[in-house]
Amino acid sequence: MTPQPGILAALPAHARFVTFRLAPEADPTRALEALASKAWGEALVVGFGASVAARLGGSIEGLHDLAALSGPGVAVPATPSGLSCWLRGAAGEDPGVLLHRARELAAMLAPAFEVEDERVAFLYDEDRDLSGFVDGTENPVGERAAAVAFVAGRGPHLDGGSFLAIQRWRHDLDALARHSPREQDLIIGRTREGDEELDDAPTSAHVKRTAQEGFEPEAFLLRRSMPWSDGARHGLVFVAFGASLDPFERQLRRMAGLDDGVTDALFRFTRPETSASFFCPPLDPSGRLDLGALGIGPLETR
């Protein structure tokens with residue numbers, strides 16, 4: 001099966017992240033069939049949560065709601081959701097187009113799904129977080145990226161799919177600014193200007209907490225994060241794809257200090273407000289979402 005192309009495509013200049021809750025007692029079948037009836041290409045990446053699979057009477061091995069975590073002085077909430085839609089703006093496309101596309105999606109999915117959260121996201125200085133530091137430096141590329149991001153060897157309806165972990169982090173840039181430039185570099189473990197890893201970074205530095213090769217087994221992810229802002233509030237929509245949720249969960253536990261009592265220095269200026277997981281199904285031969293893992297077969301009208 002073919003993965004959703006937006007997962008590996010270059011990050012768009014602007015995007016909208018929309019999550020939907022599943023309405024109580026609603027049957028999501030027709031809404032999902034409507035969503036799958038179009039070939040979206042790179043314009044949309046869709047993932048469904050464990051609650052959707054459960055509502056349809058099944059489950060997908062490896063898909064579960066993330067657990068809330070509490071470490072020394074930090075907390076990571078669990079905010080399970082029914083459906084995630086990453087709307088991606090095409091090159092030269094007016095951002096207003098995504099607003100109307102999000103409205104179209106909401107109408108298509110109602111009343112089974114209700115909009116839960118919507119964030120306008122964008123690229124900043126090509127590949128930087130709003131803190132000014134480069135984001136995703138150690139991302140795998142090429143064939144390695146595909147191997148990390150996509151399910152393989154598990155059969156129809158799953159192969160080519162991807163497990164998605166998504167969090168909305170809210171930054172306190174004033175808190176970050178109260179640290180000297182050197183202290184800020186040590187929080188991240190890299191220099192802001194040259195993106196060079198610091199040999200003398202403390203064990204609390206973000207790059208030390210999340211060094212993907214430093215886990216056993218290794219915990220590699222494909223990160224596709226983008227900054228967000230709604231005026232006075234701002235931060236990062238953290239997006240990670242993997243062949244399972246395990247690498248993300250192990251990294252997050254270490255960040256929260258649950259492995260060795262050392263919390264990630266990132267928490268000095270930013271905190272997660274949401275934390276949810278999804279399965280992004282592959283595409284069927286016609287280029288439309290394959291919902292077979294949910295027990296929804298192909299439609300002749302697709």
# chains A, B, ... in the order shown; residues from 1 in each chain; ligands from 1
call {"tool": "residues_around", "arguments": {"residues": "Ala110 in chain A", "least_positions_apart": "4", "cutoff": "9 Å", "atoms": "only C-alpha atoms", "output": "ChimeraX atom specification"}}
result
/A:23,31,105-106,114-115
call {"tool": "write_last_selection", "arguments": {"atoms": "all heavy atoms", "output": "PDB file, in the first residue's frame"}}
result
ATOM      1  N   ALA A  23     -18.508  12.411  18.353  1.00  0.00           N
ATOM      2  CA  ALA A  23     -19.717  12.735  19.097  1.00  0.00           C
ATOM      3  C   ALA A  23     -20.227  11.495  19.842  1.00  0.00           C
ATOM      4  O   ALA A  23     -20.091  10.367  19.354  1.00  0.00           O
ATOM      5  CB  ALA A  23     -20.790  13.259  18.156  1.00  0.00           C
ATOM      6  N   ALA A  31     -19.276   9.425   7.809  1.00  0.00           N
ATOM      7  CA  ALA A  31     -18.365  10.570   7.792  1.00  0.00           C
ATOM      8  C   ALA A  31     -16.994  10.158   7.278  1.00  0.00           C
ATOM      9  O   ALA A  31     -16.374  10.860   6.473  1.00  0.00           O
ATOM     10  CB  ALA A  31     -18.252  11.170   9.190  1.00  0.00           C
ATOM     11  N   LEU A 105     -14.191  20.465   5.588  1.00  0.00           N
ATOM     12  CA  LEU A 105     -13.980  19.216   6.311  1.00  0.00           C
ATOM     13  C   LEU A 105     -14.940  19.094   7.489  1.00  0.00           C
ATOM     14  O   LEU A 105     -15.526  18.028   7.719  1.00  0.00           O
ATOM     15  CB  LEU A 105     -12.546  19.143   6.820  1.00  0.00           C
ATOM     16  CG  LEU A 105     -11.481  18.584   5.888  1.00  0.00           C
ATOM     17  CD1 LEU A 105     -10.117  18.704   6.548  1.00  0.00           C
ATOM     18  CD2 LEU A 105     -11.770  17.137   5.537  1.00  0.00           C
ATOM     19  N   ALA A 106     -15.086  20.167   8.247  1.00  0.00           N
ATOM     20  CA  ALA A 106     -15.970  20.135   9.410  1.00  0.00           C
ATOM     21  C   ALA A 106     -17.402  19.819   8.997  1.00  0.00           C
ATOM     22  O   ALA A 106     -18.095  19.032   9.662  1.00  0.00           O
ATOM     23  CB  ALA A 106     -15.908  21.464  10.158  1.00  0.00           C
ATOM     24  N   GLU A 114     -16.971  16.537  15.818  1.00  0.00           N
ATOM     25  CA  GLU A 114     -17.057  17.958  16.161  1.00  0.00           C
ATOM     26  C   GLU A 114     -15.652  18.527  16.289  1.00  0.00           C
ATOM     27  O   GLU A 114     -14.758  17.860  16.833  1.00  0.00           O
ATOM     28  CB  GLU A 114     -17.807  18.135  17.486  1.00  0.00           C
ATOM     29  CG  GLU A 114     -19.183  17.485  17.509  1.00  0.00           C
ATOM     30  CD  GLU A 114     -19.728  17.320  18.928  1.00  0.00           C
ATOM     31  OE1 GLU A 114     -18.909  17.421  19.888  1.00  0.00           O
ATOM     32  OE2 GLU A 114     -20.936  17.086  19.072  1.00  0.00           O
ATOM     33  N   VAL A 115     -15.439  19.733  15.785  1.00  0.00           N
ATOM     34  CA  VAL A 115     -14.116  20.353  15.889  1.00  0.00           C
ATOM     35  C   VAL A 115     -13.741  20.517  17.357  1.00  0.00           C
ATOM     36  O   VAL A 115     -14.505  21.052  18.155  1.00  0.00           O
ATOM     37  CB  VAL A 115     -14.086  21.721  15.181  1.00  0.00           C
ATOM     38  CG1 VAL A 115     -12.743  22.421  15.433  1.00  0.00           C
ATOM     39  CG2 VAL A 115     -14.316  21.555  13.686  1.00  0.00           C
TER      40      VAL A 115
END
call {"tool": "residues_around", "arguments": {"residues": "Ala211 in chain A", "least_positions_apart": "5", "cutoff": "10 Å", "atoms": "only C-alpha atoms", "output": "VMD selection string"}}
result
chain A and resid 138 206 218 to 220 251
call {"tool": "closest_residue", "arguments": {"among": "A:Thr2, A:Ser229, A:Ser180, A:Asn139", "to": "Thr210 in chain A", "atoms": "only C-alpha atoms"}}
result
A:Asn139
call {"tool": "residues_around", "arguments": {"residues": "range 37-52 of chain A", "least_positions_apart": "2", "cutoff": "9 Å", "atoms": "only C-alpha atoms", "output": "number ranges by chain"}}
result
A: 4-7, 9, 22, 28, 32-35, 54-60, 63-65, 80-90, 162-164, 276-281, 283, 286-289, 294, 299, 301-302
call {"tool": "write_last_selection", "arguments": {"atoms": "C-alpha atoms", "output": "tab-separated table (two decimals), in the first residue's frame"}}
result
chain	number	residue	atom	x	y	z
A	4	GLN	CA	-0.19	9.30	2.55
A	5	PRO	CA	2.16	11.52	0.49
A	6	GLY	CA	1.94	14.56	2.76
A	7	ILE	CA	3.89	12.72	5.46
A	9	ALA	CA	6.59	15.83	1.46
A	22	LEU	CA	-16.18	11.78	18.11
A	28	PRO	CA	-18.62	7.54	12.23
A	32	LEU	CA	-15.21	8.53	7.27
A	33	GLU	CA	-16.46	7.24	3.93
A	34	ALA	CA	-17.05	10.83	2.83
A	35	LEU	CA	-13.56	11.78	3.95
A	54	ALA	CA	-13.33	1.11	19.30
A	55	ARG	CA	-16.61	2.74	18.23
A	56	LEU	CA	-16.54	0.62	15.08
A	57	GLY	CA	-16.05	-2.53	17.15
A	58	GLY	CA	-12.38	-3.15	16.56
A	59	SER	CA	-8.86	-2.16	17.44
A	60	ILE	CA	-5.51	-1.76	15.73
A	63	LEU	CA	-2.89	2.16	18.54
A	64	HIS	CA	-3.76	3.41	22.01
A	65	ASP	CA	-4.32	6.68	23.80
A	80	PRO	CA	-7.11	11.74	23.39
A	81	SER	CA	-8.93	12.74	20.23
A	82	GLY	CA	-10.94	11.03	17.54
A	83	LEU	CA	-9.50	12.41	14.32
A	84	SER	CA	-6.52	14.50	13.24
A	85	CYS	CA	-6.41	16.47	9.99
A	86	TRP	CA	-3.23	18.23	8.90
A	87	LEU	CA	-4.20	20.61	6.12
A	88	ARG	CA	-1.16	21.59	4.10
A	89	GLY	CA	-0.96	24.74	2.00
A	90	ALA	CA	0.33	24.40	-1.55
A	162	SER	CA	1.94	5.39	10.13
A	163	PHE	CA	1.42	6.01	13.83
A	164	LEU	CA	1.19	9.71	14.66
A	276	ALA	CA	-2.72	12.59	21.42
A	277	SER	CA	-2.05	9.62	19.16
A	278	PHE	CA	-3.49	8.43	15.85
A	279	PHE	CA	-3.08	5.90	13.04
A	280	CYS	CA	-2.69	7.38	9.56
A	281	PRO	CA	-3.98	4.75	7.13
A	283	LEU	CA	-3.91	4.82	0.44
A	286	SER	CA	-7.13	4.60	-6.39
A	287	GLY	CA	-5.20	7.05	-4.20
A	288	ARG	CA	-7.90	7.34	-1.53
A	289	LEU	CA	-7.75	6.50	2.15
A	294	LEU	CA	-11.43	0.07	10.63
A	299	LEU	CA	-16.94	1.97	-2.01
A	301	THR	CA	-18.40	5.23	-5.87
A	302	ARG	CA	-14.94	6.23	-4.74
call {"tool": "residues_around", "arguments": {"residues": "Ser275 in chain A", "least_positions_apart": "3", "cutoff": "12 Å", "atoms": "only C-alpha atoms", "output": "PyMOL selection string"}}
result
chain A and resi 19+49+65-69+75-81+84+164-169+237-240+248-249+252+271-272+278
call {"tool": "write_last_selection", "arguments": {"atoms": "N, CA and C atoms", "output": "mmCIF file, in the first residue's frame"}}
result
data_model
loop_
_atom_site.group_PDB
_atom_site.id
_atom_site.type_symbol
_atom_site.label_atom_id
_atom_site.label_comp_id
_atom_site.auth_asym_id
_atom_site.auth_seq_id
_atom_site.Cartn_x
_atom_site.Cartn_y
_atom_site.Cartn_z
ATOM 1 N N THR A 19 -8.173 19.006 15.046
ATOM 2 C CA THR A 19 -8.555 17.750 15.672
ATOM 3 C C THR A 19 -10.061 17.761 15.909
ATOM 4 N N GLY A 49 -8.081 8.180 15.853
ATOM 5 C CA GLY A 49 -7.689 7.757 17.182
ATOM 6 C C GLY A 49 -8.278 6.421 17.578
ATOM 7 N N ASP A 65 -4.434 5.306 23.311
ATOM 8 C CA ASP A 65 -4.317 6.680 23.801
ATOM 9 C C ASP A 65 -3.036 6.817 24.618
ATOM 10 N N LEU A 66 -2.387 7.954 24.489
ATOM 11 C CA LEU A 66 -1.180 8.211 25.254
ATOM 12 C C LEU A 66 -1.525 8.405 26.728
ATOM 13 N N ALA A 67 -0.617 7.999 27.592
ATOM 14 C CA ALA A 67 -0.820 8.150 29.027
ATOM 15 C C ALA A 67 -0.329 9.515 29.492
ATOM 16 N N ALA A 68 -1.013 10.080 30.482
ATOM 17 C CA ALA A 68 -0.518 11.291 31.122
ATOM 18 C C ALA A 68 0.734 10.936 31.917
ATOM 19 N N LEU A 69 1.717 11.831 31.891
ATOM 20 C CA LEU A 69 2.973 11.590 32.592
ATOM 21 C C LEU A 69 3.225 12.707 33.598
ATOM 22 N N ALA A 75 4.627 18.042 34.030
ATOM 23 C CA ALA A 75 3.473 17.194 33.750
ATOM 24 C C ALA A 75 3.190 17.228 32.258
ATOM 25 N N VAL A 76 2.838 16.082 31.718
ATOM 26 C CA VAL A 76 2.450 15.966 30.317
ATOM 27 C C VAL A 76 1.021 15.440 30.294
ATOM 28 N N PRO A 77 0.073 16.223 29.769
ATOM 29 C CA PRO A 77 -1.322 15.785 29.807
ATOM 30 C C PRO A 77 -1.609 14.717 28.763
ATOM 31 N N ALA A 78 -2.697 14.009 28.958
ATOM 32 C CA ALA A 78 -3.222 13.097 27.951
ATOM 33 C C ALA A 78 -4.539 13.686 27.452
ATOM 34 N N THR A 79 -4.627 13.962 26.155
ATOM 35 C CA THR A 79 -5.819 14.586 25.576
ATOM 36 C C THR A 79 -6.248 13.786 24.342
ATOM 37 N N PRO A 80 -6.752 12.572 24.535
ATOM 38 C CA PRO A 80 -7.112 11.743 23.394
ATOM 39 C C PRO A 80 -8.136 12.413 22.501
ATOM 40 N N SER A 81 -8.061 12.108 21.219
ATOM 41 C CA SER A 81 -8.927 12.737 20.230
ATOM 42 C C SER A 81 -9.337 11.704 19.197
ATOM 43 N N SER A 84 -7.478 13.424 13.486
ATOM 44 C CA SER A 84 -6.522 14.500 13.242
ATOM 45 C C SER A 84 -6.446 14.781 11.751
ATOM 46 N N LEU A 164 0.952 8.271 14.500
ATOM 47 C CA LEU A 164 1.189 9.707 14.659
ATOM 48 C C LEU A 164 1.037 10.106 16.114
ATOM 49 N N ALA A 165 2.031 10.811 16.632
ATOM 50 C CA ALA A 165 1.933 11.455 17.938
ATOM 51 C C ALA A 165 1.980 12.962 17.701
ATOM 52 N N ILE A 166 1.033 13.666 18.288
ATOM 53 C CA ILE A 166 0.959 15.103 18.050
ATOM 54 C C ILE A 166 0.679 15.819 19.373
ATOM 55 N N GLN A 167 1.442 16.865 19.611
ATOM 56 C CA GLN A 167 1.299 17.666 20.822
ATOM 57 C C GLN A 167 1.317 19.155 20.467
ATOM 58 N N ARG A 168 0.556 19.918 21.212
ATOM 59 C CA ARG A 168 0.656 21.376 21.098
ATOM 60 C C ARG A 168 1.433 21.894 22.305
ATOM 61 N N TRP A 169 2.634 22.414 22.015
ATOM 62 C CA TRP A 169 3.466 23.011 23.060
ATOM 63 C C TRP A 169 3.268 24.519 23.054
ATOM 64 N N VAL A 237 3.568 23.048 17.210
ATOM 65 C CA VAL A 237 2.798 21.817 17.039
ATOM 66 C C VAL A 237 3.820 20.719 16.753
ATOM 67 N N PHE A 238 4.067 19.893 17.758
ATOM 68 C CA PHE A 238 5.032 18.807 17.607
ATOM 69 C C PHE A 238 4.337 17.643 16.916
ATOM 70 N N VAL A 239 4.920 17.179 15.827
ATOM 71 C CA VAL A 239 4.325 16.124 15.011
ATOM 72 C C VAL A 239 5.395 15.071 14.763
ATOM 73 N N ALA A 240 5.091 13.819 15.099
ATOM 74 C CA ALA A 240 6.066 12.740 14.902
ATOM 75 C C ALA A 240 5.364 11.515 14.340
ATOM 76 N N PHE A 248 8.275 7.340 20.351
ATOM 77 C CA PHE A 248 7.811 8.611 20.906
ATOM 78 C C PHE A 248 7.594 8.493 22.408
ATOM 79 N N GLU A 249 6.938 7.431 22.837
ATOM 80 C CA GLU A 249 6.622 7.292 24.259
ATOM 81 C C GLU A 249 7.882 7.149 25.091
ATOM 82 N N LEU A 252 9.468 10.598 25.371
ATOM 83 C CA LEU A 252 8.707 11.488 26.253
ATOM 84 C C LEU A 252 8.917 11.131 27.716
ATOM 85 N N ARG A 271 5.687 24.195 27.638
ATOM 86 C CA ARG A 271 4.946 23.085 28.233
ATOM 87 C C ARG A 271 3.952 22.521 27.220
ATOM 88 N N PRO A 272 3.728 21.198 27.247
ATOM 89 C CA PRO A 272 2.721 20.626 26.360
ATOM 90 C C PRO A 272 1.325 20.865 26.913
ATOM 91 N N PHE A 278 -2.606 8.785 16.950
ATOM 92 C CA PHE A 278 -3.492 8.425 15.852
ATOM 93 C C PHE A 278 -2.802 7.383 14.964
#
call {"tool": "select_by_dssp", "arguments": {"residues": "range 27-227 of chain A", "states": "alpha helix (DSSP H)", "output": "PDB file with N, CA and C atoms, in the first residue's frame"}}
result
ATOM      1  N   THR A  29     -19.119   5.914  10.470  1.00  0.00           N
ATOM      2  CA  THR A  29     -18.863   5.249   9.192  1.00  0.00           C
ATOM      3  C   THR A  29     -19.081   6.182   8.013  1.00  0.00           C
ATOM      4  N   ARG A  30     -20.243   6.813   7.931  1.00  0.00           N
ATOM      5  CA  ARG A  30     -20.541   7.648   6.762  1.00  0.00           C
ATOM      6  C   ARG A  30     -19.602   8.838   6.669  1.00  0.00           C
ATOM      7  N   ALA A  31     -19.276   9.425   7.809  1.00  0.00           N
ATOM      8  CA  ALA A  31     -18.365  10.570   7.792  1.00  0.00           C
ATOM      9  C   ALA A  31     -16.994  10.158   7.278  1.00  0.00           C
ATOM     10  N   LEU A  32     -16.513   9.002   7.722  1.00  0.00           N
ATOM     11  CA  LEU A  32     -15.207   8.526   7.272  1.00  0.00           C
ATOM     12  C   LEU A  32     -15.235   8.139   5.804  1.00  0.00           C
ATOM     13  N   GLU A  33     -16.335   7.561   5.344  1.00  0.00           N
ATOM     14  CA  GLU A  33     -16.464   7.235   3.927  1.00  0.00           C
ATOM     15  C   GLU A  33     -16.430   8.495   3.076  1.00  0.00           C
ATOM     16  N   ALA A  34     -17.077   9.559   3.562  1.00  0.00           N
ATOM     17  CA  ALA A  34     -17.055  10.829   2.827  1.00  0.00           C
ATOM     18  C   ALA A  34     -15.638  11.390   2.780  1.00  0.00           C
ATOM     19  N   LEU A  35     -14.935  11.289   3.894  1.00  0.00           N
ATOM     20  CA  LEU A  35     -13.558  11.780   3.952  1.00  0.00           C
ATOM     21  C   LEU A  35     -12.665  11.003   2.993  1.00  0.00           C
ATOM     22  N   ALA A  36     -12.901   9.693   2.917  1.00  0.00           N
ATOM     23  CA  ALA A  36     -12.075   8.838   2.074  1.00  0.00           C
ATOM     24  C   ALA A  36     -12.472   8.872   0.612  1.00  0.00           C
ATOM     25  N   ALA A  50      -7.837   5.929  18.736  1.00  0.00           N
ATOM     26  CA  ALA A  50      -8.291   4.627  19.221  1.00  0.00           C
ATOM     27  C   ALA A  50      -9.792   4.620  19.467  1.00  0.00           C
ATOM     28  N   SER A  51     -10.359   5.768  19.830  1.00  0.00           N
ATOM     29  CA  SER A  51     -11.801   5.818  20.102  1.00  0.00           C
ATOM     30  C   SER A  51     -12.620   5.522  18.858  1.00  0.00           C
ATOM     31  N   VAL A  52     -12.119   5.913  17.689  1.00  0.00           N
ATOM     32  CA  VAL A  52     -12.837   5.645  16.438  1.00  0.00           C
ATOM     33  C   VAL A  52     -12.833   4.157  16.143  1.00  0.00           C
ATOM     34  N   ALA A  53     -11.668   3.532  16.282  1.00  0.00           N
ATOM     35  CA  ALA A  53     -11.591   2.092  16.056  1.00  0.00           C
ATOM     36  C   ALA A  53     -12.503   1.354  17.035  1.00  0.00           C
ATOM     37  N   ALA A  54     -12.495   1.776  18.294  1.00  0.00           N
ATOM     38  CA  ALA A  54     -13.329   1.113  19.296  1.00  0.00           C
ATOM     39  C   ALA A  54     -14.810   1.296  18.995  1.00  0.00           C
ATOM     40  N   ARG A  55     -15.199   2.475  18.543  1.00  0.00           N
ATOM     41  CA  ARG A  55     -16.607   2.736  18.230  1.00  0.00           C
ATOM     42  C   ARG A  55     -17.087   1.831  17.102  1.00  0.00           C
ATOM     43  N   PRO A  95      -3.307  31.563   2.373  1.00  0.00           N
ATOM     44  CA  PRO A  95      -3.672  30.870   3.611  1.00  0.00           C
ATOM     45  C   PRO A  95      -5.178  30.786   3.831  1.00  0.00           C
ATOM     46  N   GLY A  96      -5.922  31.736   3.265  1.00  0.00           N
ATOM     47  CA  GLY A  96      -7.369  31.693   3.414  1.00  0.00           C
ATOM     48  C   GLY A  96      -7.991  30.456   2.803  1.00  0.00           C
ATOM     49  N   VAL A  97      -7.302  29.867   1.819  1.00  0.00           N
ATOM     50  CA  VAL A  97      -7.821  28.640   1.205  1.00  0.00           C
ATOM     51  C   VAL A  97      -7.949  27.536   2.245  1.00  0.00           C
ATOM     52  N   LEU A  98      -6.977  27.456   3.166  1.00  0.00           N
ATOM     53  CA  LEU A  98      -7.022  26.412   4.180  1.00  0.00           C
ATOM     54  C   LEU A  98      -8.143  26.644   5.178  1.00  0.00           C
ATOM     55  N   LEU A  99      -8.467  27.886   5.445  1.00  0.00           N
ATOM     56  CA  LEU A  99      -9.601  28.174   6.326  1.00  0.00           C
ATOM     57  C   LEU A  99     -10.879  27.586   5.736  1.00  0.00           C
ATOM     58  N   HIS A 100     -11.102  27.833   4.447  1.00  0.00           N
ATOM     59  CA  HIS A 100     -12.317  27.323   3.815  1.00  0.00           C
ATOM     60  C   HIS A 100     -12.264  25.804   3.669  1.00  0.00           C
ATOM     61  N   ARG A 101     -11.065  25.253   3.464  1.00  0.00           N
ATOM     62  CA  ARG A 101     -10.958  23.799   3.365  1.00  0.00           C
ATOM     63  C   ARG A 101     -11.257  23.160   4.714  1.00  0.00           C
ATOM     64  N   ALA A 102     -10.824  23.800   5.804  1.00  0.00           N
ATOM     65  CA  ALA A 102     -11.125  23.293   7.139  1.00  0.00           C
ATOM     66  C   ALA A 102     -12.627  23.346   7.404  1.00  0.00           C
ATOM     67  N   ARG A 103     -13.278  24.396   6.949  1.00  0.00           N
ATOM     68  CA  ARG A 103     -14.737  24.496   7.102  1.00  0.00           C
ATOM     69  C   ARG A 103     -15.430  23.390   6.305  1.00  0.00           C
ATOM     70  N   GLU A 104     -14.921  23.111   5.115  1.00  0.00           N
ATOM     71  CA  GLU A 104     -15.483  22.047   4.286  1.00  0.00           C
ATOM     72  C   GLU A 104     -15.348  20.704   4.988  1.00  0.00           C
ATOM     73  N   LEU A 105     -14.191  20.465   5.588  1.00  0.00           N
ATOM     74  CA  LEU A 105     -13.980  19.216   6.311  1.00  0.00           C
ATOM     75  C   LEU A 105     -14.940  19.094   7.489  1.00  0.00           C
ATOM     76  N   ALA A 106     -15.086  20.167   8.247  1.00  0.00           N
ATOM     77  CA  ALA A 106     -15.970  20.135   9.410  1.00  0.00           C
ATOM     78  C   ALA A 106     -17.402  19.819   8.997  1.00  0.00           C
ATOM     79  N   ALA A 107     -17.853  20.408   7.892  1.00  0.00           N
ATOM     80  CA  ALA A 107     -19.209  20.142   7.406  1.00  0.00           C
ATOM     81  C   ALA A 107     -19.328  18.706   6.918  1.00  0.00           C
ATOM     82  N   MET A 108     -18.281  18.196   6.280  1.00  0.00           N
ATOM     83  CA  MET A 108     -18.294  16.838   5.754  1.00  0.00           C
ATOM     84  C   MET A 108     -18.381  15.802   6.882  1.00  0.00           C
ATOM     85  N   LEU A 109     -17.700  16.099   7.987  1.00  0.00           N
ATOM     86  CA  LEU A 109     -17.604  15.142   9.082  1.00  0.00           C
ATOM     87  C   LEU A 109     -18.743  15.245  10.094  1.00  0.00           C
ATOM     88  N   GLY A 142      15.399  10.294   3.200  1.00  0.00           N
ATOM     89  CA  GLY A 142      15.412   9.294   2.146  1.00  0.00           C
ATOM     90  C   GLY A 142      14.762   7.987   2.566  1.00  0.00           C
ATOM     91  N   GLU A 143      15.385   6.870   2.186  1.00  0.00           N
ATOM     92  CA  GLU A 143      14.835   5.560   2.492  1.00  0.00           C
ATOM     93  C   GLU A 143      14.755   5.320   3.994  1.00  0.00           C
ATOM     94  N   ARG A 144      15.680   5.914   4.733  1.00  0.00           N
ATOM     95  CA  ARG A 144      15.660   5.771   6.191  1.00  0.00           C
ATOM     96  C   ARG A 144      14.408   6.419   6.768  1.00  0.00           C
ATOM     97  N   ALA A 145      14.012   7.559   6.239  1.00  0.00           N
ATOM     98  CA  ALA A 145      12.810   8.232   6.717  1.00  0.00           C
ATOM     99  C   ALA A 145      11.585   7.357   6.518  1.00  0.00           C
ATOM    100  N   ALA A 146      11.483   6.720   5.354  1.00  0.00           N
ATOM    101  CA  ALA A 146      10.348   5.844   5.072  1.00  0.00           C
ATOM    102  C   ALA A 146      10.352   4.633   6.005  1.00  0.00           C
ATOM    103  N   ALA A 147      11.533   4.077   6.255  1.00  0.00           N
ATOM    104  CA  ALA A 147      11.621   2.912   7.133  1.00  0.00           C
ATOM    105  C   ALA A 147      11.202   3.258   8.556  1.00  0.00           C
ATOM    106  N   VAL A 148      11.545   4.461   8.998  1.00  0.00           N
ATOM    107  CA  VAL A 148      11.200   4.903  10.346  1.00  0.00           C
ATOM    108  C   VAL A 148       9.708   5.212  10.458  1.00  0.00           C
ATOM    109  N   ALA A 149       9.154   5.843   9.426  1.00  0.00           N
ATOM    110  CA  ALA A 149       7.808   6.405   9.537  1.00  0.00           C
ATOM    111  C   ALA A 149       6.692   5.416   9.275  1.00  0.00           C
ATOM    112  N   LEU A 173       8.249  32.719  25.661  1.00  0.00           N
ATOM    113  CA  LEU A 173       9.487  33.254  25.110  1.00  0.00           C
ATOM    114  C   LEU A 173      10.121  34.302  26.012  1.00  0.00           C
ATOM    115  N   ASP A 174       9.312  34.930  26.868  1.00  0.00           N
ATOM    116  CA  ASP A 174       9.890  35.868  27.836  1.00  0.00           C
ATOM    117  C   ASP A 174      10.747  35.105  28.847  1.00  0.00           C
ATOM    118  N   ALA A 175      10.274  33.930  29.253  1.00  0.00           N
ATOM    119  CA  ALA A 175      11.063  33.111  30.181  1.00  0.00           C
ATOM    120  C   ALA A 175      12.368  32.684  29.527  1.00  0.00           C
ATOM    121  N   LEU A 176      12.309  32.330  28.251  1.00  0.00           N
ATOM    122  CA  LEU A 176      13.539  31.955  27.552  1.00  0.00           C
ATOM    123  C   LEU A 176      14.498  33.135  27.467  1.00  0.00           C
ATOM    124  N   ALA A 177      13.961  34.319  27.213  1.00  0.00           N
ATOM    125  CA  ALA A 177      14.801  35.513  27.057  1.00  0.00           C
ATOM    126  C   ALA A 177      15.501  35.905  28.354  1.00  0.00           C
ATOM    127  N   PRO A 181      22.270  34.089  26.186  1.00  0.00           N
ATOM    128  CA  PRO A 181      22.400  33.284  24.962  1.00  0.00           C
ATOM    129  C   PRO A 181      23.124  31.960  25.201  1.00  0.00           C
ATOM    130  N   ARG A 182      24.165  31.978  26.017  1.00  0.00           N
ATOM    131  CA  ARG A 182      24.896  30.742  26.328  1.00  0.00           C
ATOM    132  C   ARG A 182      23.992  29.761  27.066  1.00  0.00           C
ATOM    133  N   GLU A 183      23.227  30.258  28.043  1.00  0.00           N
ATOM    134  CA  GLU A 183      22.324  29.394  28.798  1.00  0.00           C
ATOM    135  C   GLU A 183      21.244  28.807  27.885  1.00  0.00           C
ATOM    136  N   GLN A 184      20.772  29.599  26.935  1.00  0.00           N
ATOM    137  CA  GLN A 184      19.770  29.101  26.000  1.00  0.00           C
ATOM    138  C   GLN A 184      20.337  27.967  25.148  1.00  0.00           C
ATOM    139  N   ASP A 185      21.567  28.139  24.691  1.00  0.00           N
ATOM    140  CA  ASP A 185      22.208  27.072  23.921  1.00  0.00           C
ATOM    141  C   ASP A 185      22.316  25.793  24.747  1.00  0.00           C
ATOM    142  N   LEU A 186      22.614  25.917  26.047  1.00  0.00           N
ATOM    143  CA  LEU A 186      22.756  24.753  26.904  1.00  0.00           C
ATOM    144  C   LEU A 186      21.410  24.091  27.187  1.00  0.00           C
ATOM    145  N   ILE A 187      20.328  24.862  27.177  1.00  0.00           N
ATOM    146  CA  ILE A 187      18.996  24.277  27.334  1.00  0.00           C
ATOM    147  C   ILE A 187      18.708  23.322  26.187  1.00  0.00           C
ATOM    148  N   ILE A 188      19.049  23.745  24.985  1.00  0.00           N
ATOM    149  CA  ILE A 188      18.789  22.926  23.800  1.00  0.00           C
ATOM    150  C   ILE A 188      19.893  21.902  23.587  1.00  0.00           C
ATOM    151  N   HIS A 206      18.080  19.314  25.848  1.00  0.00           N
ATOM    152  CA  HIS A 206      17.056  18.636  25.061  1.00  0.00           C
ATOM    153  C   HIS A 206      17.646  17.581  24.130  1.00  0.00           C
ATOM    154  N   VAL A 207      18.747  17.892  23.481  1.00  0.00           N
ATOM    155  CA  VAL A 207      19.318  16.913  22.549  1.00  0.00           C
ATOM    156  C   VAL A 207      19.849  15.684  23.284  1.00  0.00           C
ATOM    157  N   LYS A 208      20.249  15.847  24.545  1.00  0.00           N
ATOM    158  CA  LYS A 208      20.698  14.699  25.328  1.00  0.00           C
ATOM    159  C   LYS A 208      19.507  13.841  25.765  1.00  0.00           C
ATOM    160  N   ARG A 209      18.418  14.489  26.114  1.00  0.00           N
ATOM    161  CA  ARG A 209      17.224  13.758  26.550  1.00  0.00           C
ATOM    162  C   ARG A 209      16.599  12.956  25.410  1.00  0.00           C
TER     163      ARG A 209
END
call {"tool": "select_by_dssp", "arguments": {"residues": "range 78-260 of chain A", "states": "strand (DSSP E or B)", "output": "number ranges by chain"}}
result
A: 83-88, 113-122, 128, 134, 162-171, 190, 197, 222-223, 226-229, 234-242
call {"tool": "atom_distance", "arguments": {"atom1": "CA of Gly161 in chain A", "atom2": "CA of Arg254 in chain A"}}
result
26.3 Å
call {"tool": "closest_residue", "arguments": {"among": "A:Gly62, A:Leu158, A:Val134, A:Gly153", "to": "Gly295 in chain A", "atoms": "only C-alpha atoms"}}
result
A:Leu158
call {"tool": "closest_residue", "arguments": {"among": "A:Val74, A:Leu236, A:Ala243, A:Ala121", "to": "Thr263 in chain A", "atoms": "only C-alpha atoms"}}
result
A:Val74
